[in-house]
$ cat protein17.txt   # compact mmCIF, C-alpha atoms
# COMPACT_ATOMS: atom_id res chain seq x y z
CA PRO A 769 0.00 0.00 0.00
CA ASP A 770 1.10 3.54 -0.72
CA HIS A 771 1.83 5.65 2.33
CA ASP A 772 2.59 9.35 2.34
CA PRO A 773 5.79 9.64 4.40
CA LEU A 774 4.84 13.22 5.29
CA ALA A 775 1.29 12.40 6.45
CA ASP A 776 2.18 12.53 10.16
CA LEU A 777 4.50 15.53 9.93
CA PRO A 778 1.97 18.19 11.04
CA ALA A 779 1.12 16.17 14.15
CA VAL A 780 4.81 15.74 15.01
CA VAL A 781 5.55 19.44 14.51
CA GLU A 782 2.59 20.32 16.72
CA ARG A 783 3.71 18.06 19.57
CA VAL A 784 7.43 18.80 19.85
CA LYS A 785 9.23 21.95 20.95
CA ILE A 786 12.25 21.55 18.65
CA PRO A 787 12.75 22.14 14.93
CA VAL A 788 11.70 19.13 12.87
CA GLY A 789 13.76 18.01 9.90
CA VAL A 790 12.99 15.46 7.20
CA GLY A 791 14.87 13.76 4.39
CA THR A 792 13.07 13.83 1.07
CA PHE A 793 13.55 12.18 -2.29
CA SER A 794 12.26 14.95 -4.51
CA VAL A 795 12.07 18.71 -4.70
CA GLU A 796 8.28 18.45 -4.54
CA ASP A 797 8.42 16.46 -1.29
CA GLY A 798 10.79 19.05 0.16
CA MET A 799 8.29 21.79 -0.59
CA ARG A 800 5.45 19.72 0.89
CA ALA A 801 7.53 19.16 4.03
CA PHE A 802 8.02 22.90 4.51
CA ARG A 803 4.34 23.59 3.89
CA ARG A 804 3.50 20.96 6.52
CA GLY A 805 5.72 22.61 9.14
CA ALA A 806 9.22 21.14 8.76
CA SER A 807 12.02 23.54 9.67
CA ILE A 808 14.63 21.55 7.76
CA ALA A 809 14.38 19.46 4.59
CA VAL A 810 17.34 17.58 3.17
CA ILE A 811 17.51 16.56 -0.46
CA GLY A 812 20.47 15.33 -2.44
CA VAL A 813 20.21 13.16 -5.53
CA PRO A 814 17.72 15.26 -7.54
CA LEU A 815 20.00 18.25 -7.09
CA ILE A 816 23.41 16.66 -7.59
CA GLN A 817 22.22 14.91 -10.75
CA ALA A 818 21.02 18.16 -12.32
CA ALA A 819 22.83 19.45 -15.38
CA ASP A 820 23.51 22.72 -13.53
CA VAL A 821 23.82 21.83 -9.84
CA GLU A 822 24.25 25.42 -8.66
CA ALA A 823 21.16 26.60 -10.54
CA ALA A 824 19.13 23.65 -9.24
CA LEU A 825 20.20 24.38 -5.67
CA ARG A 826 19.36 28.08 -6.00
CA GLU A 827 15.91 27.22 -7.36
CA TYR A 828 15.35 24.71 -4.53
CA VAL A 829 16.27 27.31 -1.90
CA GLN A 830 13.96 29.91 -3.45
CA GLU A 831 11.07 27.43 -3.61
CA ALA A 832 11.79 26.26 -0.06
CA LYS A 833 11.68 29.82 1.28
CA ALA A 834 8.37 30.42 -0.48
CA ALA A 835 6.91 27.13 0.78
CA ALA A 836 8.01 27.91 4.33
CA GLY A 837 6.49 31.36 4.18
CA GLY A 838 9.87 33.02 3.83
CA GLY A 839 11.14 31.44 7.04
CA ALA A 840 13.35 28.69 5.61
CA ARG A 841 16.91 28.78 6.81

$ encode --input "protein17.txt" --output "structure tokens"
Amino acid sequence: PDHDPLADLPAVVERVKIPVGVGTFSVEDGMRAFRRGASIAVIGVPLIQAADVEAALREYVQEAKAAAGGGAR
């Protein structure tokens, strides 16, 4: 069965008093993690396999900041 690995994230964020970080396998999942309350999202392969790694990273950071309401660090 398919399970959304981020399904429980809002409940975790609500219950703990520390920043919550997640590892994701896609840029889209990283953005969903931020929108669901994660303070940190780690992504690697989709970025390091990009033709222009620096441009891909810059785009990811911009999207992450927007998804986190400007509060991504």

$ atom_distance --input "protein17.txt" --atom1 "atom CA of A:Asp776" --atom2 "atom CA of A:Arg800"
12.2 Å

$ atom_distance --input "protein17.txt" --atom1 "atom CA of A:Ala824" --atom2 "atom CA of A:Val780"
29.3 Å

$ residues_near_point --input "protein17.txt" --point "(9.5, 20.6, 11.0)" --cutoff "6 Å" --atoms "all atoms listed in the file" --output "list in words"
Val781, Pro787, Val788, Gly789, Gly805, Ala806 and Ser807 of chain A

$ closest_residue --input "protein17.txt" --among "A:Leu777, A:Ala836, A:Val821, A:Val829" --to "A:Phe802" --atoms "all atoms listed in the file"
A:Ala836

$ atom_distance --input "protein17.txt" --atom1 "atom CA of A:His771" --atom2 "atom CA of A:Phe793"
14.2 Å

$ residues_around --input "protein17.txt" --residues "A:Val810" --least-positions-apart "2" --cutoff "9 Å" --atoms "all atoms listed in the file" --output "ChimeraX atom specification"
/A:789-793,798,808,812

$ closest_residue --input "protein17.txt" --among "A:Ala779, A:Ile786, A:Leu774, A:Ile811" --to "A:Ala832" --atoms "only C-alpha atoms"
A:Ile811

$ axis_aligned_box --input "protein17.txt" --around "stretch 792-811 of chain A" --padding-each-side "6 Å" --output "JSON"
{"center_x": 10.5, "center_y": 17.9, "center_z": 2.5, "size_x": 26.0, "size_y": 23.4, "size_z": 26.4}

$ closest_residue --input "protein17.txt" --among "A:Asp770, A:Glu782, A:Ala819, A:Val813" --to "A:Val795" --atoms "all atoms listed in the file"
A:Val813

$ closest_residue --input "protein17.txt" --among "A:Asp772, A:Lys833, A:Leu825, A:Pro814" --to "A:Met799" --atoms "all atoms listed in the file"
A:Lys833

$ build_atoms --input "protein17.txt" --residues "stretch 826-837 of chain A" --atoms "all heavy atoms" --output "short mmCIF file (atom, residue, chain, number, x, y, z; two decimals), keeping the file's coordinate frame"
data_model
loop_
_atom_site.label_atom_id
_atom_site.label_comp_id
_atom_site.auth_asym_id
_atom_site.auth_seq_id
_atom_site.Cartn_x
_atom_site.Cartn_y
_atom_site.Cartn_z
N ARG A 826 19.94 26.74 -6.19
CA ARG A 826 19.36 28.08 -6.00
C ARG A 826 17.84 28.04 -6.15
O ARG A 826 17.11 28.65 -5.36
CB ARG A 826 19.96 29.07 -7.00
CG ARG A 826 21.39 29.45 -6.67
CD ARG A 826 21.92 30.48 -7.69
NE ARG A 826 23.32 30.70 -7.49
CZ ARG A 826 23.84 31.49 -6.54
NH1 ARG A 826 23.03 32.10 -5.70
NH2 ARG A 826 25.14 31.64 -6.42
N GLU A 827 17.35 27.32 -7.15
CA GLU A 827 15.91 27.22 -7.36
C GLU A 827 15.24 26.51 -6.17
O GLU A 827 14.19 26.93 -5.69
CB GLU A 827 15.61 26.46 -8.65
CG GLU A 827 14.13 26.35 -8.95
CD GLU A 827 13.85 25.64 -10.25
OE1 GLU A 827 14.75 25.50 -11.11
OE2 GLU A 827 12.69 25.22 -10.42
N TYR A 828 15.89 25.44 -5.68
CA TYR A 828 15.35 24.71 -4.53
C TYR A 828 15.25 25.62 -3.31
O TYR A 828 14.22 25.64 -2.62
CB TYR A 828 16.23 23.51 -4.22
CG TYR A 828 15.75 22.67 -3.06
CD1 TYR A 828 14.67 21.82 -3.20
CD2 TYR A 828 16.38 22.75 -1.82
CE1 TYR A 828 14.21 21.06 -2.13
CE2 TYR A 828 15.93 21.99 -0.75
CZ TYR A 828 14.84 21.15 -0.91
OH TYR A 828 14.39 20.40 0.15
N VAL A 829 16.28 26.40 -3.06
CA VAL A 829 16.27 27.31 -1.90
C VAL A 829 15.17 28.35 -2.05
O VAL A 829 14.43 28.63 -1.10
CB VAL A 829 17.66 27.97 -1.71
CG1 VAL A 829 17.60 29.08 -0.68
CG2 VAL A 829 18.69 26.92 -1.31
N GLN A 830 15.01 28.92 -3.24
CA GLN A 830 13.96 29.91 -3.45
C GLN A 830 12.58 29.30 -3.23
O GLN A 830 11.73 29.88 -2.57
CB GLN A 830 14.04 30.50 -4.86
CG GLN A 830 15.22 31.41 -5.05
CD GLN A 830 15.36 31.89 -6.48
OE1 GLN A 830 14.78 31.35 -7.41
NE2 GLN A 830 16.16 32.93 -6.67
N GLU A 831 12.36 28.10 -3.78
CA GLU A 831 11.07 27.43 -3.61
C GLU A 831 10.85 27.06 -2.15
O GLU A 831 9.73 27.17 -1.64
CB GLU A 831 11.00 26.19 -4.50
CG GLU A 831 10.88 26.52 -5.97
CD GLU A 831 10.74 25.28 -6.83
OE1 GLU A 831 10.19 24.27 -6.35
OE2 GLU A 831 11.19 25.32 -7.99
N ALA A 832 11.90 26.63 -1.47
CA ALA A 832 11.79 26.26 -0.06
C ALA A 832 11.40 27.47 0.79
O ALA A 832 10.55 27.38 1.67
CB ALA A 832 13.10 25.66 0.43
N LYS A 833 12.01 28.60 0.54
CA LYS A 833 11.68 29.82 1.28
C LYS A 833 10.23 30.20 1.05
O LYS A 833 9.52 30.56 1.99
CB LYS A 833 12.60 30.96 0.88
CG LYS A 833 13.99 30.84 1.45
CD LYS A 833 14.84 32.02 1.04
CE LYS A 833 16.23 31.92 1.66
NZ LYS A 833 17.07 33.06 1.28
N ALA A 834 9.76 30.10 -0.19
CA ALA A 834 8.37 30.42 -0.48
C ALA A 834 7.43 29.44 0.20
O ALA A 834 6.42 29.83 0.77
CB ALA A 834 8.14 30.42 -1.99
N ALA A 835 7.76 28.15 0.17
CA ALA A 835 6.91 27.13 0.78
C ALA A 835 6.85 27.27 2.29
O ALA A 835 5.85 26.95 2.92
CB ALA A 835 7.39 25.73 0.39
N ALA A 836 7.95 27.75 2.88
CA ALA A 836 8.01 27.91 4.33
C ALA A 836 7.54 29.30 4.76
O ALA A 836 7.71 29.67 5.91
CB ALA A 836 9.44 27.67 4.81
N GLY A 837 6.98 30.03 3.84
CA GLY A 837 6.49 31.36 4.18
C GLY A 837 7.61 32.35 4.39
O GLY A 837 7.48 33.26 5.17
#
